[in-house]
>>> print(open('my_file_29.txt').read())   # compact mmCIF, C-alpha atoms
# COMPACT_ATOMS: atom_id res chain seq x y z
CA MET A 1387 -185.81 30.40 8.44
CA SER A 1388 -183.72 27.27 8.82
CA LYS A 1389 -184.72 24.03 7.18
CA ILE A 1390 -185.04 21.23 9.77
CA LEU A 1391 -183.43 17.97 8.66
CA PRO A 1392 -182.96 14.71 10.62
CA LYS A 1393 -179.61 13.70 12.08
CA GLY A 1394 -177.39 12.04 9.49
CA HIS A 1395 -179.20 13.61 6.51
CA LYS A 1396 -176.85 14.19 3.58
CA LYS A 1397 -177.84 17.84 3.09
CA LEU A 1398 -177.35 18.55 6.80
CA LEU A 1399 -173.90 16.94 6.80
CA ASN A 1400 -172.85 18.80 3.67
CA ALA A 1401 -174.10 22.11 5.05
CA TRP A 1402 -172.11 21.59 8.24
CA ALA A 1403 -168.96 20.69 6.28
CA PHE A 1404 -169.43 23.71 4.01
CA TYR A 1405 -168.65 26.09 6.88
CA ASP A 1406 -165.06 24.93 6.47
CA TRP A 1407 -165.25 26.22 2.89
CA ALA A 1408 -166.46 29.58 4.22
CA ASN A 1409 -164.09 30.15 7.13
CA SER A 1410 -160.86 28.47 6.02
CA VAL A 1411 -160.00 31.44 3.81
CA TYR A 1412 -159.14 33.23 7.06
CA ASN A 1413 -156.73 30.51 8.10
CA LEU A 1414 -154.97 30.55 4.73
CA THR A 1415 -154.86 34.22 3.77
CA ILE A 1416 -154.63 35.86 7.20
CA SER A 1417 -152.85 33.26 9.36
CA SER A 1418 -150.64 31.55 6.81
CA ALA A 1419 -150.00 33.36 3.53
CA VAL A 1420 -150.67 37.01 2.75
CA PHE A 1421 -150.79 38.68 6.17
CA PRO A 1422 -147.41 37.28 7.36
CA ILE A 1423 -145.80 38.64 4.17
CA PHE A 1424 -147.58 41.96 4.70
CA TRP A 1425 -146.40 42.04 8.33
CA GLY A 1426 -142.86 41.38 7.18
CA ALA A 1427 -143.06 44.33 4.77
CA LEU A 1428 -144.19 46.53 7.66
CA THR A 1429 -141.59 45.47 10.19
CA ILE A 1430 -138.45 44.30 8.38
CA THR A 1431 -135.81 46.52 6.80
CA LYS A 1432 -133.59 44.89 4.19
CA VAL A 1433 -130.51 46.18 2.37
CA ASN A 1434 -129.45 44.16 -0.67
CA GLY A 1435 -131.61 41.28 0.51
CA VAL A 1436 -130.05 41.21 3.99
CA ILE A 1437 -132.16 42.01 7.06
CA THR A 1438 -130.75 45.06 8.82
CA ASN A 1439 -133.60 45.72 11.24
CA ASP A 1440 -136.54 43.61 12.45
CA THR A 1441 -137.34 45.49 15.65
CA VAL A 1442 -140.78 46.99 16.32
CA ARG A 1443 -141.46 49.52 19.06
CA PHE A 1444 -144.78 48.91 20.78
CA LEU A 1445 -146.06 49.95 24.22
CA GLY A 1446 -142.73 51.63 24.86
CA PHE A 1447 -140.73 48.43 24.35
CA ASP A 1448 -138.65 47.09 21.48
CA PHE A 1449 -139.80 43.71 20.17
CA ASN A 1450 -138.43 41.33 17.62
CA ASN A 1451 -141.12 41.47 14.91
CA ASP A 1452 -141.75 37.72 15.07
CA SER A 1453 -141.97 37.83 18.85
CA LEU A 1454 -144.49 40.69 18.82
CA ILE A 1455 -146.92 38.99 16.45
CA SER A 1456 -146.54 35.71 18.37
CA TYR A 1457 -147.36 37.45 21.66
CA VAL A 1458 -150.46 39.09 20.15
CA THR A 1459 -151.48 35.70 18.74
CA ALA A 1460 -150.95 33.99 22.09
CA LEU A 1461 -152.94 36.67 23.91
CA ALA A 1462 -155.86 36.24 21.49
CA PHE A 1463 -155.83 32.48 22.05
CA LEU A 1464 -155.76 33.08 25.80
CA VAL A 1465 -158.93 35.17 25.47
CA VAL A 1466 -160.54 32.45 23.37
CA SER A 1467 -159.67 29.80 25.93
CA PHE A 1468 -161.40 31.87 28.62
CA ILE A 1469 -164.57 32.86 26.76
CA SER A 1470 -165.14 29.45 25.11
CA PRO A 1471 -166.48 27.69 28.23
CA LEU A 1472 -168.41 30.81 29.19
CA LEU A 1473 -170.22 31.01 25.87
CA SER A 1474 -170.56 27.32 25.06
CA GLY A 1475 -172.17 26.67 28.44
CA ILE A 1476 -174.71 29.43 27.77
CA ALA A 1477 -175.27 28.07 24.26
CA ASP A 1478 -175.98 24.56 25.55
CA TYR A 1479 -178.23 25.85 28.35
CA VAL A 1480 -180.25 28.26 26.23
CA GLY A 1481 -180.05 26.16 23.07
CA ASN A 1482 -178.89 28.82 20.61
CA LYS A 1483 -175.53 27.58 19.37
CA LYS A 1484 -176.19 28.92 15.90
CA ASN A 1485 -176.52 32.52 17.13
CA PHE A 1486 -173.11 32.29 18.79
CA LEU A 1487 -171.64 30.75 15.65
CA LYS A 1488 -173.00 33.64 13.59
CA PHE A 1489 -171.77 36.32 16.02
CA PHE A 1490 -168.17 35.14 16.00
CA CYS A 1491 -168.27 34.53 12.27
CA TYR A 1492 -169.29 38.15 11.69
CA LEU A 1493 -166.80 39.47 14.26
CA GLY A 1494 -163.95 37.66 12.54
CA ALA A 1495 -165.04 38.52 9.02
CA LEU A 1496 -165.56 42.24 9.73
CA SER A 1497 -162.16 42.39 11.46
CA CYS A 1498 -160.56 40.92 8.34
CA ILE A 1499 -162.22 43.67 6.32
CA GLY A 1500 -160.81 46.15 8.85
CA LEU A 1501 -157.27 45.00 8.01
CA PHE A 1502 -157.73 46.77 4.67
CA PHE A 1503 -157.07 50.01 6.56
CA PHE A 1504 -153.79 48.79 8.12
CA ASP A 1505 -151.30 51.39 6.84
CA LEU A 1506 -147.87 50.35 5.59
CA ASN A 1507 -145.92 53.37 6.76
CA LEU A 1508 -145.67 52.94 10.52
CA ASN A 1509 -143.11 55.74 10.84
CA GLU A 1510 -145.57 58.34 9.56
CA ALA A 1511 -148.68 56.72 11.06
CA PRO A 1512 -147.68 54.70 14.15
CA ASP A 1513 -151.28 54.61 15.40
CA TYR A 1514 -152.07 52.22 12.58
CA LEU A 1515 -150.01 49.58 14.39
CA TRP A 1516 -152.58 49.63 17.20
CA PHE A 1517 -155.46 49.44 14.75
CA GLY A 1518 -153.92 46.71 12.62
CA LEU A 1519 -152.98 44.52 15.56
CA LEU A 1520 -156.46 45.03 17.05
CA CYS A 1521 -158.12 43.85 13.82
CA TYR A 1522 -155.72 40.89 13.68
CA PHE A 1523 -156.50 40.13 17.34
CA LEU A 1524 -160.30 40.28 16.89
CA ALA A 1525 -160.23 38.31 13.64
CA LEU A 1526 -158.38 35.50 15.39
CA ILE A 1527 -160.87 35.53 18.28
CA GLY A 1528 -163.78 35.45 15.84
CA PHE A 1529 -162.40 32.56 13.82
CA TRP A 1530 -161.41 30.29 16.68
CA SER A 1531 -164.43 31.06 18.87
CA SER A 1532 -166.78 30.21 16.01
CA LEU A 1533 -165.05 26.84 15.72
CA VAL A 1534 -166.10 25.98 19.29
CA PHE A 1535 -169.73 25.98 18.21
CA TYR A 1536 -169.07 24.59 14.74
CA ASN A 1537 -167.18 21.57 16.10
CA SER A 1538 -169.80 20.95 18.78
CA TYR A 1539 -172.40 20.36 16.08
CA LEU A 1540 -170.56 17.24 14.81
CA PRO A 1541 -172.09 14.66 17.21
CA ASP A 1542 -175.45 16.42 16.88
CA ILE A 1543 -175.72 16.15 13.10
CA ALA A 1544 -173.73 12.97 12.35
CA PHE A 1545 -173.81 9.39 13.66
CA PRO A 1546 -170.50 7.94 14.96
CA GLU A 1547 -169.87 5.94 11.80
CA GLN A 1548 -170.27 9.14 9.72
CA GLN A 1549 -168.06 11.42 11.78
CA ASP A 1550 -164.58 10.54 10.47
CA ALA A 1551 -165.64 10.95 6.85
CA ILE A 1552 -167.64 14.16 7.27
CA SER A 1553 -164.91 15.71 9.44
CA ALA A 1554 -162.35 14.95 6.72
CA LYS A 1555 -164.75 16.29 4.08
CA GLY A 1556 -165.04 19.54 6.01
CA TYR A 1557 -161.29 20.03 6.06
CA SER A 1558 -161.03 19.08 2.39
CA LEU A 1559 -163.69 21.63 1.43
CA GLY A 1560 -161.85 24.20 3.51
CA TYR A 1561 -158.57 23.57 1.73
CA ILE A 1562 -160.16 23.70 -1.71
CA GLY A 1563 -162.17 26.87 -1.04
CA SER A 1564 -159.28 28.70 0.57
CA VAL A 1565 -156.96 27.76 -2.30
CA ILE A 1566 -159.42 29.15 -4.85
CA LEU A 1567 -159.52 32.52 -3.10
CA LEU A 1568 -155.76 32.54 -2.54
CA ILE A 1569 -155.14 31.93 -6.25
CA ILE A 1570 -157.41 34.86 -7.08
CA ASN A 1571 -155.51 37.01 -4.58
CA LEU A 1572 -152.17 35.74 -5.85
CA ILE A 1573 -152.99 36.80 -9.42
CA MET A 1574 -154.08 40.21 -8.14
CA ILE A 1575 -150.91 40.62 -6.03
CA MET A 1576 -148.36 39.38 -8.56
CA LYS A 1577 -150.00 41.02 -11.59
CA PHE A 1578 -150.98 44.21 -9.80
CA ASP A 1579 -150.34 46.31 -12.92
CA TRP A 1580 -153.12 44.44 -14.74
CA PHE A 1581 -155.56 45.89 -12.23
CA GLY A 1582 -154.14 49.43 -12.30
CA PHE A 1583 -152.20 49.27 -9.00
CA LYS A 1584 -148.73 50.78 -8.58
CA ASN A 1585 -147.42 47.96 -6.36
CA GLU A 1586 -148.49 44.75 -4.61
CA TRP A 1587 -149.42 46.28 -1.25
CA MET A 1588 -152.90 47.54 -2.13
CA PRO A 1589 -153.90 44.12 -3.62
CA MET A 1590 -152.73 42.52 -0.37
CA LYS A 1591 -155.02 44.81 1.63
CA ILE A 1592 -157.89 44.09 -0.76
CA SER A 1593 -157.31 40.35 -0.21
CA PHE A 1594 -157.97 40.86 3.52
CA ALA A 1595 -161.35 42.43 2.74
CA MET A 1596 -162.16 39.63 0.29
CA VAL A 1597 -161.61 37.09 3.09
CA GLY A 1598 -164.30 38.77 5.19
CA ILE A 1599 -166.77 38.97 2.31
CA TRP A 1600 -166.20 35.32 1.34
CA TRP A 1601 -166.54 34.15 4.95
CA ILE A 1602 -169.85 35.93 5.55
CA GLY A 1603 -171.31 35.09 2.14
CA PHE A 1604 -170.70 31.33 1.99
CA SER A 1605 -171.56 30.71 5.66
CA GLN A 1606 -175.21 31.53 4.89
CA TYR A 1607 -175.65 28.08 3.33
CA THR A 1608 -174.52 26.47 6.59
CA TYR A 1609 -176.86 28.63 8.65
CA TYR A 1610 -179.84 27.70 6.48
CA TYR A 1611 -179.63 24.00 7.38
CA LEU A 1612 -178.00 23.87 10.84
CA PRO A 1613 -180.51 23.53 13.70
CA LYS A 1614 -180.65 26.32 16.23
CA GLY A 1615 -180.23 23.89 19.12
CA ASN A 1616 -182.43 22.22 21.69
CA LYS A 1617 -183.90 25.07 23.69
CA LYS A 1618 -183.87 24.42 27.42
CA ASP A 1619 -184.39 27.70 29.24
CA VAL A 1620 -184.12 31.46 28.98
CA LEU A 1621 -180.86 33.25 29.73
CA THR A 1622 -180.58 34.49 33.31
CA LYS A 1623 -177.76 35.65 35.55
CA ALA A 1624 -177.68 32.19 37.07
CA VAL A 1625 -176.51 30.61 33.82
CA VAL A 1626 -173.88 33.18 32.79
CA PHE A 1627 -171.17 31.04 34.37
CA ASN A 1628 -172.91 27.80 33.55
CA GLY A 1629 -170.11 26.91 31.10
CA PHE A 1630 -167.52 26.76 33.87
CA LYS A 1631 -169.87 24.62 35.95
CA GLU A 1632 -170.26 22.33 32.94
CA LEU A 1633 -166.47 22.11 32.54
CA LYS A 1634 -166.14 21.18 36.19
CA ILE A 1635 -168.65 18.37 35.65
CA ILE A 1636 -166.76 17.21 32.56
CA TRP A 1637 -163.46 17.38 34.45
CA LYS A 1638 -164.92 15.05 37.08
CA ALA A 1639 -166.29 12.78 34.36
CA LEU A 1640 -162.82 12.53 32.81
CA LYS A 1641 -161.46 11.02 36.03
CA SER A 1642 -163.55 7.90 35.41
CA ASP A 1643 -163.06 7.86 31.63
CA ILE A 1644 -159.45 6.73 31.22
CA ARG A 1645 -159.50 6.58 27.43
CA LEU A 1646 -160.90 10.07 26.92
CA ARG A 1647 -158.65 11.57 29.61
CA ARG A 1648 -155.45 10.08 28.22
CA TYR A 1649 -156.35 10.99 24.65
CA LEU A 1650 -157.11 14.59 25.62
CA SER A 1651 -153.75 14.84 27.45
CA ALA A 1652 -151.92 13.61 24.35
CA PHE A 1653 -153.87 15.97 22.08
CA PHE A 1654 -153.09 18.91 24.38
CA VAL A 1655 -149.35 18.34 24.07
CA TYR A 1656 -148.88 17.49 20.39
CA SER A 1657 -151.40 20.15 19.33
CA MET A 1658 -149.11 22.78 20.89
CA ALA A 1659 -146.49 21.99 18.29
CA VAL A 1660 -148.80 21.42 15.30
CA GLN A 1661 -150.69 24.69 15.66
CA THR A 1662 -147.56 26.71 16.42
CA ILE A 1663 -145.80 25.40 13.31
CA MET A 1664 -148.81 26.21 11.16
CA LEU A 1665 -148.92 29.75 12.54
CA ILE A 1666 -145.20 30.51 12.15
CA ALA A 1667 -144.31 28.69 8.92
CA THR A 1668 -144.49 31.74 6.67
CA TYR A 1669 -142.63 33.96 9.15
CA PHE A 1670 -139.88 31.31 9.13
CA GLY A 1671 -139.73 31.41 5.33
CA ILE A 1672 -139.50 35.21 5.29
CA GLU A 1673 -136.59 35.51 7.67
CA GLU A 1674 -134.59 32.29 7.46
CA LEU A 1675 -134.40 31.47 3.74
CA ASP A 1676 -132.18 32.88 1.02
CA TRP A 1677 -134.60 33.48 -1.85
CA GLY A 1678 -131.89 34.90 -4.10
CA GLU A 1679 -133.36 36.46 -7.24
CA GLN A 1680 -136.66 34.64 -6.74
CA ASN A 1681 -139.58 36.76 -5.54
CA ALA A 1682 -140.08 35.77 -1.91
CA THR A 1683 -143.77 36.72 -1.95
CA THR A 1684 -144.44 34.41 -4.89
CA GLY A 1685 -142.39 31.59 -3.40
CA LEU A 1686 -144.06 31.75 -0.01
CA ILE A 1687 -147.59 31.84 -1.40
CA ILE A 1688 -146.78 28.94 -3.73
CA SER A 1689 -145.57 27.00 -0.68
CA ILE A 1690 -148.81 27.68 1.17
CA LEU A 1691 -150.81 26.64 -1.91
CA LEU A 1692 -148.80 23.43 -2.07
CA ILE A 1693 -149.61 22.70 1.58
CA GLN A 1694 -153.32 23.21 1.00
CA LEU A 1695 -153.51 21.07 -2.12
CA VAL A 1696 -151.57 18.19 -0.59
CA ALA A 1697 -153.61 18.50 2.61
CA VAL A 1698 -156.79 17.55 0.72
CA PHE A 1699 -155.17 14.23 -0.17
CA GLY A 1700 -153.69 13.95 3.32
CA ALA A 1701 -157.07 14.28 5.03
CA TYR A 1702 -158.55 11.61 2.74
CA LEU A 1703 -155.57 9.27 3.22
CA THR A 1704 -155.69 9.66 6.99
CA SER A 1705 -159.41 8.88 7.06
CA LYS A 1706 -158.75 5.64 5.16
CA ALA A 1707 -155.77 4.74 7.37
CA SER A 1708 -157.76 5.28 10.56
CA SER A 1709 -160.53 2.97 9.37
CA LYS A 1710 -157.96 0.23 8.73
CA PHE A 1711 -155.42 0.68 11.53
CA GLY A 1712 -157.40 2.62 14.15
CA ASN A 1713 -157.43 6.29 15.09
CA ILE A 1714 -154.78 6.19 17.79
CA ASN A 1715 -152.29 4.11 15.80
CA THR A 1716 -152.67 6.47 12.85
CA LEU A 1717 -152.11 9.51 15.08
CA ILE A 1718 -148.93 7.91 16.45
CA VAL A 1719 -147.50 7.50 12.95
CA ILE A 1720 -148.41 11.09 12.04
CA ASN A 1721 -146.63 12.41 15.15
CA PHE A 1722 -143.47 10.52 14.17
CA ILE A 1723 -143.66 12.21 10.76
CA TRP A 1724 -143.99 15.63 12.43
CA ILE A 1725 -140.79 14.99 14.40
CA GLY A 1726 -138.98 14.27 11.15
CA ILE A 1727 -140.36 17.49 9.66
CA CYS A 1728 -139.00 19.56 12.57
CA VAL A 1729 -135.55 18.01 12.31
CA PHE A 1730 -135.39 18.67 8.56
CA ALA A 1731 -136.83 22.21 8.87
CA TYR A 1732 -134.04 23.18 11.26
CA THR A 1733 -131.49 22.55 8.49
CA ILE A 1734 -133.18 24.08 5.43
CA THR A 1735 -131.80 27.21 3.76
CA THR A 1736 -133.10 27.11 0.17
CA PRO A 1737 -136.55 27.60 -1.40
CA MET A 1738 -136.52 24.06 -2.85
CA GLN A 1739 -135.98 22.57 0.60
CA PHE A 1740 -138.83 24.74 1.87
CA TYR A 1741 -141.13 23.44 -0.89
CA ILE A 1742 -140.28 19.84 0.03
CA THR A 1743 -141.01 20.54 3.68
CA ALA A 1744 -144.27 22.27 2.72
CA ALA A 1745 -145.43 19.22 0.74
CA ILE A 1746 -144.80 16.88 3.68
CA VAL A 1747 -146.45 19.30 6.12
CA GLY A 1748 -149.52 19.41 3.89
CA LEU A 1749 -149.73 15.64 3.86
CA VAL A 1750 -149.95 15.37 7.65
CA MET A 1751 -151.52 18.73 8.54
CA GLY A 1752 -155.02 18.02 7.28
CA GLY A 1753 -154.87 14.47 8.55
CA ILE A 1754 -153.93 15.24 12.12
CA GLN A 1755 -156.54 18.01 12.45
CA ALA A 1756 -159.45 16.05 11.01
CA LEU A 1757 -158.56 12.84 12.83
CA SER A 1758 -157.99 14.57 16.16
CA ARG A 1759 -161.43 16.18 15.99
CA SER A 1760 -163.30 13.04 14.96
CA THR A 1761 -161.42 10.84 17.46
CA TYR A 1762 -162.48 13.11 20.30
CA SER A 1763 -166.06 13.09 19.03
CA LYS A 1764 -166.11 9.27 18.94
CA PHE A 1765 -164.61 9.04 22.44
CA LEU A 1766 -167.42 11.10 24.00
CA PRO A 1767 -169.85 9.20 26.23
CA GLU A 1768 -172.79 7.83 24.26
CA ASN A 1769 -175.29 9.60 26.52
CA ALA A 1770 -173.56 13.00 26.27
CA VAL A 1771 -176.16 15.73 25.75
CA ASP A 1772 -174.27 19.00 26.27
CA THR A 1773 -171.84 18.45 23.42
CA ALA A 1774 -170.88 22.13 23.19
CA SER A 1775 -169.38 21.94 26.68
CA TYR A 1776 -167.45 18.78 25.81
CA PHE A 1777 -166.08 20.44 22.71
CA SER A 1778 -165.37 23.57 24.69
CA PHE A 1779 -163.12 21.43 26.89
CA TYR A 1780 -161.44 20.13 23.73
CA ASP A 1781 -161.02 23.63 22.30
CA VAL A 1782 -159.79 25.11 25.57
CA SER A 1783 -157.13 22.39 25.68
CA GLU A 1784 -156.09 23.25 22.13
CA LYS A 1785 -156.03 27.01 22.74
CA ILE A 1786 -154.06 26.87 25.97
CA GLY A 1787 -151.62 24.61 24.14
CA ILE A 1788 -151.27 27.23 21.41
CA VAL A 1789 -150.70 29.95 24.03
CA ILE A 1790 -147.84 27.91 25.51
CA GLY A 1791 -146.46 27.09 22.06
CA MET A 1792 -146.58 30.66 20.74
CA PHE A 1793 -145.13 32.19 23.91
CA SER A 1794 -142.32 29.61 23.81
CA TYR A 1795 -141.68 30.43 20.17
CA GLY A 1796 -141.72 34.17 20.83
CA ILE A 1797 -139.38 34.00 23.82
CA ILE A 1798 -136.87 31.77 22.03
CA ALA A 1799 -136.99 33.99 18.90
CA GLN A 1800 -136.51 37.10 21.07
CA VAL A 1801 -133.55 35.64 22.95
CA THR A 1802 -131.78 33.93 20.05
CA GLY A 1803 -132.85 36.17 17.17
CA SER A 1804 -133.71 33.09 15.10
CA VAL A 1805 -136.85 30.98 14.76
CA ARG A 1806 -134.79 27.90 13.91
CA TYR A 1807 -134.21 27.15 17.57
CA SER A 1808 -137.93 27.51 18.20
CA ILE A 1809 -138.66 24.84 15.58
CA LEU A 1810 -136.14 22.53 17.22
CA PHE A 1811 -137.72 23.08 20.63
CA LEU A 1812 -141.14 21.98 19.32
CA ILE A 1813 -139.85 18.44 18.88
CA LEU A 1814 -140.16 18.04 22.65
CA PHE A 1815 -143.93 18.50 22.43
CA PHE A 1816 -144.26 15.79 19.78
CA VAL A 1817 -142.15 13.35 21.81
CA VAL A 1818 -144.27 13.85 24.93
CA GLY A 1819 -147.44 13.63 22.84
CA LEU A 1820 -146.28 10.30 21.41
CA ILE A 1821 -145.60 8.87 24.86
CA LEU A 1822 -149.10 9.86 25.96
CA LEU A 1823 -150.72 8.44 22.80
CA PHE A 1824 -149.11 5.06 23.47
CA ARG A 1825 -150.91 5.04 26.82
CA VAL A 1826 -154.39 5.48 25.30
CA PRO A 1827 -156.38 2.17 25.42
CA ARG A 1828 -156.70 0.64 21.95
CA LYS A 1829 -160.31 -0.51 22.03
CA ASN A 1830 -162.48 0.86 19.25
CA PRO A 1831 -161.94 3.18 17.59
>>> encode(input="my_file_29.txt", output="structure tokens")
Amino acid sequence: MSKILPKGHKKLLNAWAFYDWANSVYNLTISSAVFPIFWGALTITKVNGVITNDTVRFLGFDFNNDSLISYVTALAFLVVSFISPLLSGIADYVGNKKNFLKFFCYLGALSCIGLFFFDLNLNEAPDYLWFGLLCYFLALIGFWSSLVFYNSYLPDIAFPEQQDAISAKGYSLGYIGSVILLIINLIMIMKFDWFGFKNEWMPMKISFAMVGIWWIGFSQYTYYYLPKGNKKDVLTKAVVFNGFKELKIIWKALKSDIRLRRYLSAFFVYSMAVQTIMLIATYFGIEELDWGEQNATTGLIISILLIQLVAVFGAYLTSKASSKFGNINTLIVINFIWIGICVFAYTITTPMQFYITAAIVGLVMGGIQALSRSTYSKFLPENAVDTASYFSFYDVSEKIGIVIGMFSYGIIAQVTGSVRYSILFLILFFVVGLILLFRVPRKNP
């Protein structure tokens, strides 16, 4: 049984934010740190530290390994962008957002556990490539689909003046929780002999299972306090496509809401680049840097840890900056910083340069995510009732942007054989996003 608390109650806000603690371990271990290294071990052949083969045969075609994982990622986001309005509309109509949140949480977590069975030797067991990519695909769908319903709770549980702070707190809790688990996994991976393993690959697979267990376990606190939703009607065939009808209504509403429409356009464009960079950063480090005698696995995980730790401070700093200078002005400055990051990343070749880039990325990564979410929430009409559909529109924009970004990255990597040119190309998205942000009216916030 859930405990019913009034809107704005401290326990309710903290319980909502704590879901970030539960689910962010997926984003760190699977999306950013351990799985990309594991994927590299599966698909890259090196001789004396030099890559001699990074081609993967799948569906009868030869793919660059980076391109293949980017295409699978883009396809998963495309599925999410389609099912989000379908499910969020049903959730708003029937009033059971929490059930949808739970379903996708469990789908994602169990798929992470399934990655434990992803075999390393694809030559002897090629069918494991299908299974591993399927688990990766479903885990991504579970994580991002759950966020549709999680984000839509924000205006339901928090008053406008609370939303920036609690959104930032959620991201901060997510960074801290995911770092704790990653450190545990890092010790297990790097000191595998302490735990009786012959090499680091089994600890990596165990870390995938630990993500799923952590995600399911800690999310129970959130479920205890979050309201089920305001029940309106029973589910019938007539409401199955209600989400798309809701999106059509919101699309019409955007035509008369200049501020919200222009902000959403800007978010759509710059989010393409932000999310793509976050998804490909480790793959870039694996293939483009000369790690020398340094253990690349250790260096890459340390870089990801650095990003997470700095991001906690970045989210807090951005929250303070937005309260002083305004949300849009703060987002403009952050986008300028991202352009600088892309320019510098194109030139880096050494681990130290990668660490410096990681620190700067961490500073602006948490800030731009938290502030983008809370800015959208504050821009919603005051009389908005079906918040899940509004946030579905927001999430669909983000996911379609990621599809475009990841496909662009994959195609450029496939054609050029280097992800450096993909990084350079992403600058275009930030520039267009900046132009659109300057056009957003500056009235509060």
>>> closest_residue(input="my_file_29.txt", among="A:Ile1636, A:Ile1725, A:Val1805, A:Ile1720", to="A:Val1750", atoms="only C-alpha atoms")
A:Ile1720
>>> atom_distance(input="my_file_29.txt", atom1="atom CA of A:Phe1581", atom2="atom CA of A:Val1411")
22.0 Å
>>> residues_around(input="my_file_29.txt", residues="A:Met1751", least_positions_apart="2", cutoff="9 Å", atoms="only C-alpha atoms", output="list of chain:residue names")
A:Val1660, A:Met1664, A:Ile1693, A:Gln1694, A:Ala1697, A:Gly1700, A:Ala1701, A:Ile1720, A:Ile1746, A:Val1747, A:Gly1748, A:Leu1749, A:Gly1753, A:Ile1754, A:Gln1755, A:Ala1756
>>> closest_residue(input="my_file_29.txt", among="A:Tyr1762, A:Tyr1669, A:Phe1424, A:Phe1486", to="A:Tyr1536", atoms="all atoms listed in the file")
A:Phe1486
>>> atom_distance(input="my_file_29.txt", atom1="atom CA of A:Ile1688", atom2="atom CA of A:Lys1785")
28.1 Å
>>> closest_residue(input="my_file_29.txt", among="A:Leu1665, A:Val1801, A:Leu1820, A:Ile1573", to="A:Ile1788", atoms="all atoms listed in the file")
A:Leu1665
>>> closest_residue(input="my_file_29.txt", among="A:Leu1695, A:Phe1779, A:Leu1398, A:Val1789", to="A:Phe1545", atoms="all atoms listed in the file")
A:Leu1398
>>> residues_near_point(input="my_file_29.txt", point="(-162.7, 33.3, 10.3)", cutoff="10 Å", atoms="all atoms listed in the file", output="ChimeraX atom specification")
/A:1405-1406,1408-1414,1416-1417,1490-1498,1524-1533,1597-1598,1600-1602
>>> write_last_selection(input="my_file_29.txt", atoms="C-alpha atoms", output="mmCIF file, keeping the file's coordinate frame")
data_model
loop_
_atom_site.group_PDB
_atom_site.id
_atom_site.type_symbol
_atom_site.label_atom_id
_atom_site.label_comp_id
_atom_site.auth_asym_id
_atom_site.auth_seq_id
_atom_site.Cartn_x
_atom_site.Cartn_y
_atom_site.Cartn_z
ATOM 1 C CA TYR A 1405 -168.650 26.090 6.880
ATOM 2 C CA ASP A 1406 -165.060 24.930 6.470
ATOM 3 C CA ALA A 1408 -166.460 29.580 4.220
ATOM 4 C CA ASN A 1409 -164.090 30.150 7.130
ATOM 5 C CA SER A 1410 -160.860 28.470 6.020
ATOM 6 C CA VAL A 1411 -160.000 31.440 3.810
ATOM 7 C CA TYR A 1412 -159.140 33.230 7.060
ATOM 8 C CA ASN A 1413 -156.730 30.510 8.100
ATOM 9 C CA LEU A 1414 -154.970 30.550 4.730
ATOM 10 C CA ILE A 1416 -154.630 35.860 7.200
ATOM 11 C CA SER A 1417 -152.850 33.260 9.360
ATOM 12 C CA PHE A 1490 -168.170 35.140 16.000
ATOM 13 C CA CYS A 1491 -168.270 34.530 12.270
ATOM 14 C CA TYR A 1492 -169.290 38.150 11.690
ATOM 15 C CA LEU A 1493 -166.800 39.470 14.260
ATOM 16 C CA GLY A 1494 -163.950 37.660 12.540
ATOM 17 C CA ALA A 1495 -165.040 38.520 9.020
ATOM 18 C CA LEU A 1496 -165.560 42.240 9.730
ATOM 19 C CA SER A 1497 -162.160 42.390 11.460
ATOM 20 C CA CYS A 1498 -160.560 40.920 8.340
ATOM 21 C CA LEU A 1524 -160.300 40.280 16.890
ATOM 22 C CA ALA A 1525 -160.230 38.310 13.640
ATOM 23 C CA LEU A 1526 -158.380 35.500 15.390
ATOM 24 C CA ILE A 1527 -160.870 35.530 18.280
ATOM 25 C CA GLY A 1528 -163.780 35.450 15.840
ATOM 26 C CA PHE A 1529 -162.400 32.560 13.820
ATOM 27 C CA TRP A 1530 -161.410 30.290 16.680
ATOM 28 C CA SER A 1531 -164.430 31.060 18.870
ATOM 29 C CA SER A 1532 -166.780 30.210 16.010
ATOM 30 C CA LEU A 1533 -165.050 26.840 15.720
ATOM 31 C CA VAL A 1597 -161.610 37.090 3.090
ATOM 32 C CA GLY A 1598 -164.300 38.770 5.190
ATOM 33 C CA TRP A 1600 -166.200 35.320 1.340
ATOM 34 C CA TRP A 1601 -166.540 34.150 4.950
ATOM 35 C CA ILE A 1602 -169.850 35.930 5.550
#
>>> closest_residue(input="my_file_29.txt", among="A:Tyr1522, A:Phe1503, A:Tyr1514, A:Trp1402", to="A:Lys1555", atoms="only C-alpha atoms")
A:Trp1402
>>> atom_distance(input="my_file_29.txt", atom1="atom CA of A:Ile1813", atom2="atom CA of A:Tyr1656")
9.2 Å
>>> closest_residue(input="my_file_29.txt", among="A:Leu1612, A:Ile1592, A:Leu1520, A:Ile1809", to="A:Thr1459", atoms="all atoms listed in the file")
A:Leu1520
>>> residues_around(input="my_file_29.txt", residues="A:Ser1760", least_positions_apart="5", cutoff="9 Å", atoms="all atoms listed in the file", output="tab-separated table (two decimals) with C-alpha atoms, in the coordinates of the input")
chain	number	residue	atom	x	y	z
A	1540	LEU	CA	-170.56	17.24	14.81
A	1546	PRO	CA	-170.50	7.94	14.96
A	1549	GLN	CA	-168.06	11.42	11.78
A	1550	ASP	CA	-164.58	10.54	10.47
A	1551	ALA	CA	-165.64	10.95	6.85
A	1552	ILE	CA	-167.64	14.16	7.27
A	1553	SER	CA	-164.91	15.71	9.44
A	1554	ALA	CA	-162.35	14.95	6.72
A	1713	ASN	CA	-157.43	6.29	15.09
A	1755	GLN	CA	-156.54	18.01	12.45
A	1765	PHE	CA	-164.61	9.04	22.44
